[in-house]
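Text of data_21.txt (compact mmCIF, C-alpha atoms and all ligand atoms) as supplied:
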```
# COMPACT_ATOMS: atom_id res chain seq x y z
CA MET A 598 13.74 -23.22 -11.93
CA THR A 599 12.23 -23.99 -15.31
CA ILE A 600 12.96 -22.14 -18.52
CA ARG A 601 10.94 -22.22 -21.73
CA GLN A 602 13.43 -24.61 -23.31
CA ASP A 603 12.70 -27.11 -20.53
CA CYS A 604 9.07 -27.08 -21.63
CA LEU A 605 10.04 -27.73 -25.24
CA ASP A 606 12.22 -30.61 -24.04
CA ARG A 607 9.38 -32.05 -22.00
CA ASP A 608 7.12 -31.89 -25.04
CA LEU A 609 9.67 -33.79 -27.11
CA ALA A 610 9.97 -36.49 -24.45
CA ASP A 611 6.21 -36.66 -23.82
CA PRO A 612 4.75 -40.08 -24.74
CA LEU A 613 1.45 -38.32 -25.49
CA GLY A 614 3.10 -35.62 -27.60
CA MET A 615 2.18 -37.35 -30.86
CA MET A 616 -1.51 -37.29 -29.99
CA ARG A 617 -1.78 -33.60 -30.76
CA SER A 618 -1.61 -34.41 -34.47
CA ARG A 619 -4.96 -36.21 -34.09
CA PHE A 620 -6.57 -32.79 -33.56
CA SER A 621 -7.33 -29.88 -35.79
CA LEU A 622 -6.40 -26.82 -33.76
CA PRO A 623 -6.51 -23.21 -34.98
CA ASP A 624 -3.23 -21.36 -35.40
CA GLY A 625 -2.39 -18.68 -32.90
CA VAL A 626 -4.62 -20.01 -30.11
CA ILE A 627 -3.56 -21.67 -26.89
CA TYR A 628 -6.66 -23.64 -26.10
CA LEU A 629 -7.10 -24.18 -22.37
CA ASP A 630 -10.84 -24.83 -22.43
CA GLY A 631 -11.01 -28.52 -23.35
CA ASN A 632 -12.68 -29.06 -19.98
CA SER A 633 -15.66 -27.16 -21.37
CA LEU A 634 -15.63 -27.91 -25.10
CA GLY A 635 -13.04 -30.38 -26.32
CA ALA A 636 -11.17 -29.61 -29.54
CA LEU A 637 -12.14 -30.89 -32.97
CA SER A 638 -10.34 -34.05 -33.96
CA VAL A 639 -9.35 -34.81 -37.53
CA ALA A 640 -11.34 -38.04 -37.35
CA ALA A 641 -14.51 -36.38 -36.06
CA ALA A 642 -14.54 -33.80 -38.84
CA GLU A 643 -14.13 -36.54 -41.42
CA ALA A 644 -16.78 -38.77 -39.80
CA VAL A 645 -19.38 -36.00 -39.79
CA ARG A 646 -18.72 -35.28 -43.45
CA GLU A 647 -19.05 -38.98 -44.22
CA ALA A 648 -22.23 -39.38 -42.16
CA VAL A 649 -23.84 -36.34 -43.79
CA GLU A 650 -22.80 -36.69 -47.39
CA ARG A 651 -22.39 -40.38 -48.09
CA GLN A 652 -24.57 -42.01 -45.46
CA TRP A 653 -27.49 -39.63 -45.00
CA GLY A 654 -27.17 -38.06 -48.45
CA GLY A 655 -26.49 -41.25 -50.35
CA ASP A 656 -27.97 -44.17 -48.51
CA LEU A 657 -30.74 -42.33 -46.70
CA ILE A 658 -32.83 -44.55 -44.42
CA ALA A 659 -30.94 -47.69 -45.41
CA SER A 660 -28.07 -46.31 -43.33
CA TRP A 661 -29.73 -47.43 -40.10
CA ASN A 662 -28.80 -50.98 -41.07
CA LYS A 663 -26.14 -50.50 -43.72
CA HIS A 664 -23.97 -48.14 -41.67
CA LYS A 665 -25.10 -49.59 -38.33
CA TRP A 666 -26.53 -46.29 -37.09
CA ILE A 667 -28.85 -48.26 -34.85
CA GLY A 668 -25.93 -49.71 -32.90
CA LEU A 669 -24.03 -46.45 -32.41
CA PRO A 670 -25.19 -45.78 -28.81
CA GLN A 671 -23.78 -49.15 -27.74
CA LYS A 672 -20.65 -48.87 -29.87
CA VAL A 673 -19.83 -45.46 -28.43
CA GLY A 674 -20.74 -46.67 -24.95
CA GLY A 675 -18.25 -49.51 -25.31
CA LYS A 676 -15.46 -47.12 -26.25
CA ILE A 677 -16.22 -44.85 -23.30
CA ALA A 678 -16.39 -47.88 -20.98
CA SER A 679 -12.76 -48.65 -21.73
CA LEU A 680 -11.76 -45.16 -20.54
CA ILE A 681 -13.60 -45.34 -17.22
CA GLY A 682 -12.87 -48.85 -16.00
CA ALA A 683 -16.23 -50.32 -16.95
CA ASP A 684 -17.29 -53.17 -19.22
CA ALA A 685 -18.66 -52.45 -22.67
CA ASP A 686 -22.13 -53.74 -21.77
CA GLU A 687 -22.41 -51.37 -18.81
CA VAL A 688 -22.27 -48.07 -20.72
CA VAL A 689 -24.47 -46.55 -23.39
CA ALA A 690 -24.40 -43.14 -25.07
CA ALA A 691 -27.69 -41.29 -24.70
CA ASP A 692 -29.37 -37.97 -24.08
CA SER A 693 -27.65 -35.27 -22.01
CA VAL A 694 -26.08 -35.54 -18.57
CA SER A 695 -29.12 -33.76 -17.14
CA VAL A 696 -31.53 -36.31 -18.59
CA ASN A 697 -29.35 -39.25 -17.62
CA LEU A 698 -29.10 -38.06 -14.02
CA PHE A 699 -32.86 -37.76 -13.94
CA LYS A 700 -33.34 -41.29 -15.25
CA LEU A 701 -30.82 -42.88 -12.89
CA ALA A 702 -31.78 -40.95 -9.74
CA ALA A 703 -35.48 -41.56 -10.34
CA ALA A 704 -34.87 -45.27 -10.89
CA ALA A 705 -32.76 -45.62 -7.75
CA ALA A 706 -35.24 -43.72 -5.61
CA SER A 707 -38.14 -45.85 -6.88
CA LEU A 708 -36.68 -49.23 -5.97
CA PRO A 709 -38.68 -51.51 -3.69
CA GLY A 710 -37.66 -51.17 -0.06
CA GLY A 711 -38.96 -47.70 0.58
CA ARG A 712 -35.73 -45.71 0.48
CA ARG A 713 -36.78 -42.41 -1.01
CA VAL A 714 -34.04 -39.91 -0.12
CA VAL A 715 -31.76 -38.55 -2.83
CA LEU A 716 -28.64 -37.20 -1.15
CA THR A 717 -26.28 -34.68 -2.72
CA GLU A 718 -24.10 -31.67 -1.97
CA SER A 719 -24.69 -27.96 -2.42
CA SER A 720 -22.51 -25.81 -4.71
CA ASP A 721 -22.28 -28.55 -7.28
CA PHE A 722 -22.86 -28.12 -10.98
CA PRO A 723 -26.26 -26.41 -11.19
CA THR A 724 -28.00 -28.84 -13.52
CA ASP A 725 -27.36 -31.71 -11.12
CA LEU A 726 -29.20 -29.87 -8.35
CA TYR A 727 -31.91 -28.53 -10.64
CA ILE A 728 -32.68 -32.00 -11.97
CA LEU A 729 -33.03 -33.42 -8.48
CA GLN A 730 -35.26 -30.50 -7.50
CA GLY A 731 -37.46 -31.27 -10.49
CA LEU A 732 -37.55 -34.96 -9.62
CA ALA A 733 -38.57 -34.26 -6.02
CA GLY A 734 -41.26 -31.90 -7.29
CA LEU A 735 -42.64 -34.53 -9.63
CA MET A 736 -42.58 -37.42 -7.16
CA PRO A 737 -43.67 -36.10 -3.76
CA ASP A 738 -42.53 -39.20 -1.89
CA ILE A 739 -38.96 -38.52 -2.98
CA GLU A 740 -37.06 -36.31 -0.57
CA LEU A 741 -34.07 -34.29 -1.71
CA ARG A 742 -31.42 -33.94 0.98
CA VAL A 743 -28.73 -31.39 0.15
CA VAL A 744 -25.77 -31.13 2.51
CA ALA A 745 -22.70 -28.90 2.55
CA PRO A 746 -19.71 -30.12 0.52
CA GLY A 747 -17.98 -32.95 2.35
CA GLY A 748 -21.08 -33.75 4.39
CA VAL A 749 -22.42 -36.74 2.52
CA GLU A 750 -21.01 -39.52 4.67
CA ALA A 751 -22.43 -38.01 7.85
CA ALA A 752 -25.84 -37.69 6.19
CA LEU A 753 -26.17 -41.35 5.16
CA ASP A 754 -28.96 -43.26 6.85
CA ASP A 755 -31.40 -46.06 6.13
CA ARG A 756 -33.67 -43.80 4.09
CA VAL A 757 -31.07 -42.80 1.53
CA ALA A 758 -31.62 -44.46 -1.83
CA VAL A 759 -28.93 -42.80 -3.91
CA VAL A 760 -26.05 -40.37 -3.49
CA LEU A 761 -25.19 -38.08 -6.38
CA LEU A 762 -21.65 -36.70 -6.36
CA SER A 763 -19.42 -35.01 -8.89
CA HIS A 764 -16.14 -36.86 -9.14
CA VAL A 765 -14.30 -33.66 -10.11
CA HIS A 766 -15.75 -30.35 -8.98
CA TYR A 767 -16.43 -28.07 -11.92
CA ARG A 768 -15.10 -24.95 -10.20
CA SER A 769 -12.10 -26.08 -8.18
CA GLY A 770 -11.21 -29.25 -10.05
CA ALA A 771 -10.96 -31.09 -6.72
CA VAL A 772 -11.23 -34.87 -7.12
CA ARG A 773 -13.38 -36.93 -4.75
CA ASP A 774 -12.00 -40.19 -3.41
CA MET A 775 -14.34 -42.59 -5.14
CA ALA A 776 -12.60 -45.67 -3.76
CA ALA A 777 -13.21 -44.45 -0.21
CA LEU A 778 -16.75 -43.14 -0.66
CA ASN A 779 -18.30 -46.07 -2.51
CA PRO A 780 -17.85 -48.54 0.37
CA SER A 781 -19.44 -46.07 2.83
CA ILE A 782 -22.38 -45.53 0.52
CA ARG A 783 -22.80 -49.24 -0.04
CA ALA A 784 -22.50 -50.00 3.68
CA ALA A 785 -25.37 -47.60 4.29
CA GLY A 786 -27.47 -49.52 1.78
CA ALA A 787 -27.56 -46.75 -0.83
CA LEU A 788 -26.37 -46.57 -4.43
CA SER A 789 -23.66 -44.22 -5.64
CA LEU A 790 -24.33 -42.07 -8.70
CA TRP A 791 -21.21 -40.34 -9.99
CA ASP A 792 -21.17 -37.39 -12.34
CA LEU A 793 -18.00 -37.93 -14.37
CA SER A 794 -18.39 -34.93 -16.68
CA HIS A 795 -14.99 -33.55 -15.69
CA SER A 796 -13.33 -36.95 -15.29
CA ALA A 797 -13.95 -39.09 -18.37
CA GLY A 798 -11.10 -38.68 -20.82
CA VAL A 799 -8.71 -37.02 -18.39
CA LEU A 800 -8.53 -39.19 -15.26
CA ASP A 801 -7.90 -42.90 -14.98
CA VAL A 802 -11.35 -43.61 -13.58
CA ALA A 803 -11.89 -47.23 -12.45
CA LEU A 804 -15.63 -47.54 -11.83
CA ASN A 805 -15.74 -51.29 -11.31
CA ARG A 806 -12.52 -51.58 -9.35
CA ASP A 807 -13.75 -48.80 -7.07
CA GLY A 808 -17.21 -50.30 -6.65
CA ALA A 809 -19.35 -47.60 -8.27
CA ASP A 810 -23.02 -48.35 -8.85
CA LEU A 811 -24.17 -45.74 -11.36
CA ALA A 812 -22.57 -42.91 -13.32
CA ALA A 813 -23.19 -40.42 -16.08
CA GLY A 814 -21.00 -37.97 -17.93
CA CYS A 815 -20.51 -35.62 -20.74
CA GLY A 816 -19.43 -36.26 -24.34
CA TYR A 817 -18.28 -32.77 -25.26
CA LYS A 818 -15.61 -32.01 -22.66
CA TYR A 819 -12.49 -34.19 -22.53
CA LEU A 820 -14.07 -36.76 -24.87
CA ASN A 821 -14.12 -34.14 -27.65
CA GLY A 822 -17.48 -35.21 -29.11
CA GLY A 823 -18.39 -31.70 -30.23
CA PRO A 824 -20.88 -29.05 -29.11
CA GLY A 825 -23.91 -30.71 -27.53
CA ALA A 826 -22.44 -34.19 -28.03
CA PRO A 827 -24.49 -37.04 -26.58
CA ALA A 828 -23.82 -37.87 -22.96
CA TRP A 829 -23.52 -41.42 -21.63
CA LEU A 830 -24.45 -43.43 -18.57
CA PHE A 831 -23.10 -46.43 -16.66
CA VAL A 832 -25.10 -49.01 -14.74
CA ALA A 833 -23.05 -51.70 -12.99
CA ARG A 834 -24.08 -55.08 -14.30
CA ARG A 835 -25.26 -56.27 -10.87
CA HIS A 836 -27.96 -53.55 -10.89
CA GLN A 837 -29.09 -53.74 -14.49
CA ALA A 838 -32.05 -56.07 -14.06
CA MET A 839 -33.61 -54.28 -11.11
CA LEU A 840 -33.48 -50.65 -12.21
CA ARG A 841 -36.17 -49.31 -14.53
CA ASN A 842 -35.77 -46.32 -16.82
CA PRO A 843 -38.64 -43.94 -16.03
CA LEU A 844 -38.34 -42.40 -19.50
CA SER A 845 -39.57 -45.60 -21.08
CA GLY A 846 -39.16 -44.62 -24.70
CA TRP A 847 -39.23 -47.05 -27.58
CA MET A 848 -35.47 -47.22 -28.09
CA GLY A 849 -35.22 -48.78 -24.63
CA HIS A 850 -37.79 -51.42 -25.48
CA GLU A 851 -36.82 -55.05 -25.73
CA ARG A 852 -37.95 -55.13 -29.38
CA PRO A 853 -38.58 -51.58 -30.63
CA PHE A 854 -39.43 -52.70 -34.13
CA ASP A 855 -42.21 -55.02 -32.98
CA PHE A 856 -44.20 -51.81 -32.42
CA ALA A 857 -46.05 -53.48 -29.55
CA ASP A 858 -48.45 -51.50 -27.36
CA ASP A 859 -46.83 -52.36 -24.06
CA TYR A 860 -43.41 -51.36 -22.85
CA ARG A 861 -41.02 -54.16 -22.00
CA PRO A 862 -37.54 -52.95 -21.02
CA ALA A 863 -34.58 -54.26 -22.95
CA ALA A 864 -32.19 -56.44 -21.03
CA GLY A 865 -28.98 -54.80 -19.93
CA VAL A 866 -27.94 -51.23 -20.44
CA ASP A 867 -30.01 -50.78 -23.64
CA ARG A 868 -33.09 -50.02 -21.58
CA TRP A 869 -31.60 -46.62 -20.71
CA LEU A 870 -32.11 -45.36 -24.23
CA CYS A 871 -35.21 -43.27 -24.73
CA GLY A 872 -35.82 -41.81 -28.20
CA THR A 873 -34.10 -41.94 -31.56
CA PRO A 874 -30.39 -41.29 -31.12
CA PRO A 875 -28.77 -38.20 -32.71
CA ILE A 876 -26.72 -39.95 -35.38
CA LEU A 877 -24.66 -37.02 -36.65
CA SER A 878 -23.58 -36.19 -33.12
CA LEU A 879 -22.89 -39.82 -32.31
CA ALA A 880 -20.82 -40.14 -35.47
CA ALA A 881 -18.69 -37.22 -34.28
CA LEU A 882 -18.30 -38.65 -30.78
CA ASP A 883 -17.57 -42.15 -32.08
CA ALA A 884 -14.76 -40.83 -34.26
CA ALA A 885 -13.49 -38.42 -31.60
CA LEU A 886 -12.95 -41.38 -29.28
CA GLU A 887 -10.43 -42.79 -31.76
CA ALA A 888 -8.06 -40.17 -30.37
CA PHE A 889 -7.84 -42.34 -27.25
CA GLU A 890 -6.81 -45.46 -29.14
CA GLY A 891 -3.60 -46.87 -27.70
CA VAL A 892 -3.57 -44.23 -24.99
CA ASP A 893 -2.85 -45.19 -21.40
CA MET A 894 -5.25 -43.27 -19.14
CA ALA A 895 -2.74 -43.29 -16.28
CA ALA A 896 -0.34 -41.40 -18.57
CA VAL A 897 -3.15 -38.98 -19.45
CA ARG A 898 -3.88 -38.36 -15.80
CA ASN A 899 -0.21 -37.87 -14.97
CA LYS A 900 0.23 -35.37 -17.75
CA ALA A 901 -2.88 -33.46 -16.69
CA ALA A 902 -1.41 -33.18 -13.20
CA ALA A 903 2.00 -32.17 -14.54
CA LEU A 904 0.53 -29.48 -16.80
CA GLY A 905 -1.54 -28.13 -13.90
CA ASP A 906 1.46 -28.20 -11.57
CA LEU A 907 3.51 -26.28 -14.12
CA PHE A 908 0.74 -23.74 -14.63
CA ILE A 909 0.34 -23.09 -10.90
CA GLU A 910 4.11 -22.86 -10.40
CA ARG A 911 4.49 -20.40 -13.28
CA VAL A 912 1.52 -18.27 -12.21
CA GLU A 913 2.95 -18.00 -8.73
CA ALA A 914 6.40 -17.14 -10.11
CA ARG A 915 5.21 -14.57 -12.67
CA CYS A 916 1.99 -13.14 -11.25
CA ALA A 917 2.69 -12.80 -7.53
CA ASP A 918 0.85 -9.94 -5.82
CA LYS A 919 -1.42 -9.42 -8.80
CA GLY A 920 -4.63 -10.43 -7.07
CA LEU A 921 -4.73 -14.07 -8.14
CA VAL A 922 -5.68 -16.65 -5.51
CA LEU A 923 -5.42 -20.36 -6.26
CA ALA A 924 -8.86 -21.97 -6.10
CA SER A 925 -7.79 -25.54 -6.93
CA PRO A 926 -5.95 -28.15 -4.90
CA ARG A 927 -2.21 -27.59 -5.11
CA ASP A 928 -1.63 -31.33 -4.99
CA GLY A 929 -1.91 -32.62 -8.54
CA SER A 930 -2.97 -36.06 -7.36
CA VAL A 931 -6.29 -34.68 -6.11
CA ARG A 932 -6.80 -32.12 -8.87
CA GLY A 933 -8.57 -32.93 -12.16
CA GLY A 934 -7.61 -31.53 -15.54
CA GLN A 935 -7.99 -27.89 -14.65
CA ALA A 936 -6.55 -25.16 -12.47
CA SER A 937 -8.68 -22.26 -11.28
CA PHE A 938 -7.78 -18.94 -9.78
CA ARG A 939 -9.87 -16.20 -8.26
CA HIS A 940 -9.31 -12.62 -9.33
CA PRO A 941 -11.56 -9.67 -8.43
CA HIS A 942 -11.74 -8.73 -12.13
CA GLY A 943 -11.61 -12.30 -13.44
CA GLY A 944 -14.19 -11.69 -16.15
CA ALA A 945 -12.21 -8.85 -17.71
CA VAL A 946 -8.91 -10.70 -17.32
CA MET A 947 -10.34 -13.70 -19.17
CA GLN A 948 -11.77 -11.51 -21.95
CA ASN A 949 -8.34 -9.96 -22.34
CA LEU A 950 -6.68 -13.39 -22.39
CA ILE A 951 -9.04 -14.63 -25.07
CA ALA A 952 -8.33 -11.53 -27.17
CA ARG A 953 -4.62 -12.31 -26.81
CA GLY A 954 -5.09 -15.90 -28.01
CA VAL A 955 -5.30 -17.76 -24.70
CA THR A 956 -8.70 -19.39 -24.29
CA GLY A 957 -9.89 -20.35 -20.83
CA ASP A 958 -13.20 -19.53 -19.23
CA PHE A 959 -14.80 -17.57 -16.43
CA ARG A 960 -17.28 -18.61 -13.76
CA ARG A 961 -19.03 -15.89 -11.82
CA PRO A 962 -18.30 -14.15 -9.60
CA ASP A 963 -14.52 -14.21 -9.86
CA LEU A 964 -13.18 -17.57 -11.06
CA ILE A 965 -10.94 -18.02 -14.10
CA ARG A 966 -10.51 -21.63 -15.20
CA PHE A 967 -7.79 -23.19 -17.32
CA GLY A 968 -8.20 -26.72 -18.61
CA PHE A 969 -5.30 -28.92 -19.67
CA ALA A 970 -6.52 -31.58 -22.06
CA PRO A 971 -3.46 -33.83 -22.11
CA LEU A 972 -3.93 -35.11 -25.65
CA TYR A 973 -3.36 -31.73 -27.23
CA VAL A 974 -2.04 -29.24 -24.69
CA ARG A 975 1.76 -28.94 -24.59
CA TYR A 976 4.03 -27.87 -21.77
CA VAL A 977 5.17 -24.95 -23.86
CA ASP A 978 1.55 -23.84 -24.21
CA VAL A 979 1.33 -23.61 -20.45
CA TRP A 980 4.52 -21.57 -20.33
CA ASP A 981 3.36 -19.21 -23.06
CA ALA A 982 -0.14 -18.82 -21.59
CA VAL A 983 1.28 -17.71 -18.26
CA GLU A 984 3.56 -15.20 -20.00
CA VAL A 985 0.48 -13.67 -21.67
CA LEU A 986 -1.39 -13.65 -18.36
CA ALA A 987 1.54 -11.96 -16.63
CA GLY A 988 1.68 -9.31 -19.34
CA ILE A 989 -2.01 -8.57 -18.93
CA LEU A 990 -1.78 -8.30 -15.17
CA ASP A 991 1.44 -6.21 -15.26
CA SER A 992 0.03 -3.71 -17.76
CA GLU A 993 -3.53 -3.87 -16.37
CA SER A 994 -4.71 -3.97 -19.97
CA TRP A 995 -7.76 -5.85 -18.72
CA ARG A 996 -9.09 -2.45 -17.60
CA GLU A 997 -9.71 -1.46 -21.22
CA PRO A 998 -13.41 -1.03 -21.98
CA GLN A 999 -13.67 -3.78 -24.59
CA TYR A 1000 -12.94 -6.43 -21.94
CA GLN A 1001 -15.66 -5.40 -19.54
CA ALA A 1002 -18.66 -7.08 -21.21
CA ALA A 1003 -19.04 -10.85 -21.14
CA GLY A 1004 -20.87 -12.90 -23.74
CA THR A 1005 -24.03 -14.86 -22.97
CA VAL A 1006 -21.98 -18.04 -22.61
CA THR A 1007 -18.97 -17.61 -20.33
C1 LIG B 1 -20.81 -30.21 -18.10
C2 LIG B 1 -21.56 -30.80 -16.94
C3 LIG B 1 -22.87 -31.21 -17.09
C4 LIG B 1 -23.58 -31.02 -18.40
O1 LIG B 1 -24.90 -31.42 -18.40
P1 LIG B 1 -25.69 -31.45 -19.77
O2 LIG B 1 -27.06 -31.84 -19.37
O3 LIG B 1 -25.05 -32.49 -20.65
O4 LIG B 1 -25.62 -30.09 -20.36
C5 LIG B 1 -23.49 -31.78 -16.00
N1 LIG B 1 -22.85 -31.93 -14.81
C6 LIG B 1 -21.56 -31.54 -14.65
C7 LIG B 1 -20.87 -31.75 -13.35
C8 LIG B 1 -20.89 -30.95 -15.71
O5 LIG B 1 -19.64 -30.54 -15.54
```
Translate the structure of the given file into C-alpha cells.
Amino acid sequence: MTIRQDCLDRDLADPLGMMRSRFSLPDGVIYLDGNSLGALSVAAAEAVREAVERQWGGDLIASWNKHKWIGLPQKVGGKIASLIGADADEVVAADSVSVNLFKLAAAAASLPGGRRVVLTESSDFPTDLYILQGLAGLMPDIELRVVAPGGVEAALDDRVAVVLLSHVHYRSGAVRDMAALNPSIRAAGALSLWDLSHSAGVLDVALNRDGADLAAGCGYKYLNGGPGAPAWLFVARRHQAMLRNPLSGWMGHERPFDFADDYRPAAGVDRWLCGTPPILSLAALDAALEAFEGVDMAAVRNKAAALGDLFIERVEARCADKGLVLASPRDGSVRGGQASFRHPHGGAVMQNLIARGVTGDFRRPDLIRFGFAPLYVRYVDVWDAVEVLAGILDSESWREPQYQAAGTVT
C-alpha cells in the first residue's frame, strides 16, 4: 500500500528529480502528454530568443558561418545519437518522420539485388502506413506487404528489402524486442527500419548493440524540441555508402556551395539532408537536448516504468469498476513511457481531466493515454492525477455537456 507521502519521498530520493528544474512548466497543470508534445525547457526558450534576436536579427546571413547554423543538423544528430546507442556520424536531424521514412524505405527498396517488398504491420501509426502506400504508388515495382501485428517474422522471405516497425506502439506503448527481431530480419537478407518516435528520450535504445540497420524518430515528443521540431534519422555506418537518398536535394550534395549541375551524394549520413534546415526549430531542439546532459538513459527508462507501474496500480485501486480497461502491457519492462486505458466515454473523460488540470490525450475510439516523461514528471504527479481521475469517474462529471466536443487535434 502506497500513500501520497511515499510518492513525495520517492521524488526526494529520485536521481532524476533535479532535472525538472531544467523545464519551464505551467503552474496548476499535471502534464502527462510529453509523449505527444514534450515540455518547454528553459534552455530551448533561451536558445530560440537568442537565435531570433541576436543571430537572425543581428548577424543576419553571416550567422550561417558565424553561429554555425550550417552544422546544426549534424550537431543535433550527434546529441541524439548518444541517446539511442548510435555513433555521432550515423544520425542527422532532418525533415519530419514521415519524410525520413519515405527516404529510407525508398532507398532500401531500390538497392541492387531485386528485393522490392516493403514489409510492415497494420494498426501502426497512420503516417508510417500512408507513406509506404504513397511509395508503392509512385514506384510500381515496389510491393507493400502489410501483415497483422506480430506477423512480421513469418512474412520474411527473399523478396523483402526492408521491414518497418515501431519500437514502441503509439496506442498501447508496447515495446518490440529489437534485439530479437534484428537478427531475424538480417538472416532473411532484409534491412530493419525502426520508428523510434516513442522511444528516443525515454528508453535506453541501443541501435548498434542490437544490430539495427536504419531508424527514424521524432524531435517533439520525449526529446522536447517543440511543436513541429525537426525529426532525425539513423543509418548504420556499414550501409551508408550503398544507400541513396531519393530526395536528392542540395543540402545532401557532396559540395552544396559548388552549385554544380549534377548531384553527387555527400559521404556519410549528410546525404540524407534535402533542403535548407529549419534553423529556429533546430536551435530549439539543440538546446532542448541539453536537458539530457549527464543523464543515464537506463535510469530514465527505469523511472518511466516505475511511474507507469504506479499509475496503473493507483488506477486499479481507485477506479475499479468504473469502465476503465488497461490497454498497455502491465509489465513495465515491455511498456514504453505511457500507459493507456480504454473507456467507453474516453473522449469526454479526457476533456474533463484537461479542464481539471491533468493533461493527457485521447485516441479514437476509446483510448485515453497518459505519458510519463521521466525528466519532469514526479511520482506525486501520478498520485494526484489518479485522484482527479477517480473524482471524475465517481461523480460522472464527464457527462457534462462542455466535455462532449473534442478539438481538431486530440
Ligand atoms: C509521432 C509519430 C510520427 C510523427 O511523424 P511526423 O511526420 O514527424 O509528423 C511518426 N510515427 C510515429 C510512430 C509517431 O509516433
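Taking atom CA of A:Trp980 and atom CA of A:Arg966 as the two end points, the separation is 15.9 Å.
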Test item: axis-aligned box, all listed atoms of stretch 638-654 of chain A, 3 Å on each side, centre and edges in Å rounded to one decimal, as AutoDock Vina command-line options:
```
--center_x -18.4 --center_y -37.9 --center_z -41.2 --size_x 24.1 --size_y 14.2 --size_z 20.5
```
8 Å contact set for A:Lys700, only C-alpha atoms, chain neighbours under 3 positions out, as a VMD selection string: chain A and resid 696 to 697 703 to 704 842 to 844 869
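Candidate residues A:Val714, A:Val1006, A:Leu923, A:Ile677 were compared for distance to A:Ala690, and the nearest is A:Ile677, using only C-alpha atoms.
Atom to atom, atom O3 of ligand LIG 1 (chain B) and atom CA of A:Thr724 stand 8.5 Å apart.
You can rank A:Val866, A:Val955, A:Ala733, A:Ala945 by their closest distance to A:Arg996 using all atoms listed in the file, and at the top of that list sits A:Ala945.
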Selection near stretch 739-749 of chain A, 6 Å with only C-alpha atoms, sequence-local residues under 2 positions removed, as a ChimeraX atom specification: /A:713-719,733,736-737,751-752
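Going from atom CA of A:Ile965 over to atom CA of A:Gly944, you cover 7.4 Å.
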At a cut-off of 9 Å, using only C-alpha atoms, what residues contact A:Asp692? Leave out same-chain residues fewer than 2 positions from it and give the result as a tab-separated table (two decimals) with C-alpha atoms, in the frame of the given file.
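Output file selection-v2.tsv follows:
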```
chain	number	residue	atom	x	y	z
A	690	ALA	CA	-24.40	-43.14	-25.07
A	694	VAL	CA	-26.08	-35.54	-18.57
A	695	SER	CA	-29.12	-33.76	-17.14
A	696	VAL	CA	-31.53	-36.31	-18.59
A	697	ASN	CA	-29.35	-39.25	-17.62
A	826	ALA	CA	-22.44	-34.19	-28.03
A	827	PRO	CA	-24.49	-37.04	-26.58
A	828	ALA	CA	-23.82	-37.87	-22.96
A	829	TRP	CA	-23.52	-41.42	-21.63
A	870	LEU	CA	-32.11	-45.36	-24.23
A	871	CYS	CA	-35.21	-43.27	-24.73
A	872	GLY	CA	-35.82	-41.81	-28.20
A	874	PRO	CA	-30.39	-41.29	-31.12
A	875	PRO	CA	-28.77	-38.20	-32.71
```
Wanna dump the stretch 699-719 of chain A-stretch 812-819 of chain A contacts at 12 Å for me, each residue with its shortest atom pair and the distance in Å to one decimal, counting all atoms listed in the file, ordered by chain and number, as CSV?
```
residue,atom,partner,partner_atom,distance
A:Phe699,CA,A:Ala813,CA,10.3
A:Lys700,CA,A:Ala813,CA,10.2
A:Leu701,CA,A:Ala812,CA,8.3
A:Ala702,CA,A:Ala812,CA,10.1
A:Ala705,CA,A:Ala812,CA,11.9
```
Selection: 9 Å around stretch 628-635 of chain A, only C-alpha atoms, excl. self and same-chain fewer than 2 positions, as a PyMOL selection string: chain A and resi 622-623+626+637-638+767+794-795+816-824+934-935+954-958+966-970+973-974+978-979+982
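Close contacts of A:Gly891, defined as residues with an atom at most 12 Å away when counting only C-alpha atoms, with chain neighbours fewer than 5 positions off set aside, comprise Pro612, Leu613, Met615, Met616, Lys676, Ser679, Leu680, Leu886, Ala896, Val897 and Leu972 of chain A.
With all atoms listed in the file as the atoms that count, the minimum distance from A:Pro709 to the choices A:Leu840, A:Ala987, A:Leu778, A:Ala797 is reached by A:Leu840.
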Which of A:Ala809, A:Ala864, A:Val799, A:Ala776 sits closest to A:Leu761 [using all atoms listed in the file]: A:Ala809
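Each of A:Asp611, A:Leu790, A:Asp754, A:Ala857 was checked against A:Ala901 using all atoms listed in the file; the smallest atom-to-atom distance is that of A:Asp611.
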Nearest to A:Ser621, chosen from A:Asp606, A:Glu643, A:Glu890, A:Asp906, with only C-alpha atoms counted in the distances: A:Glu643
Since the input is missing atoms for stretch 988-995 of chain A, could you rebuild it with N, CA and C atoms and give the result as a compact mmCIF listing (two decimals), in the frame of the given file?
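Saved file result_11.txt follows:
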```txt
# COMPACT_ATOMS: atom_id res chain seq x y z
N GLY A 988 1.66 -10.59 -18.62
CA GLY A 988 1.68 -9.31 -19.34
C GLY A 988 0.40 -8.52 -19.12
N ILE A 989 -0.71 -9.22 -19.13
CA ILE A 989 -2.01 -8.57 -18.93
C ILE A 989 -2.13 -8.00 -17.53
N LEU A 990 -1.66 -8.77 -16.55
CA LEU A 990 -1.78 -8.30 -15.17
C LEU A 990 -0.78 -7.17 -14.89
N ASP A 991 0.43 -7.27 -15.47
CA ASP A 991 1.44 -6.21 -15.26
C ASP A 991 0.97 -4.88 -15.85
N SER A 992 0.42 -4.95 -17.06
CA SER A 992 0.03 -3.71 -17.76
C SER A 992 -1.37 -3.24 -17.37
N GLU A 993 -2.12 -4.13 -16.70
CA GLU A 993 -3.53 -3.87 -16.37
C GLU A 993 -4.34 -3.56 -17.62
N SER A 994 -3.96 -4.20 -18.72
CA SER A 994 -4.71 -3.97 -19.97
C SER A 994 -6.14 -4.48 -19.86
N TRP A 995 -6.39 -5.36 -18.90
CA TRP A 995 -7.76 -5.85 -18.72
C TRP A 995 -8.72 -4.73 -18.35
```
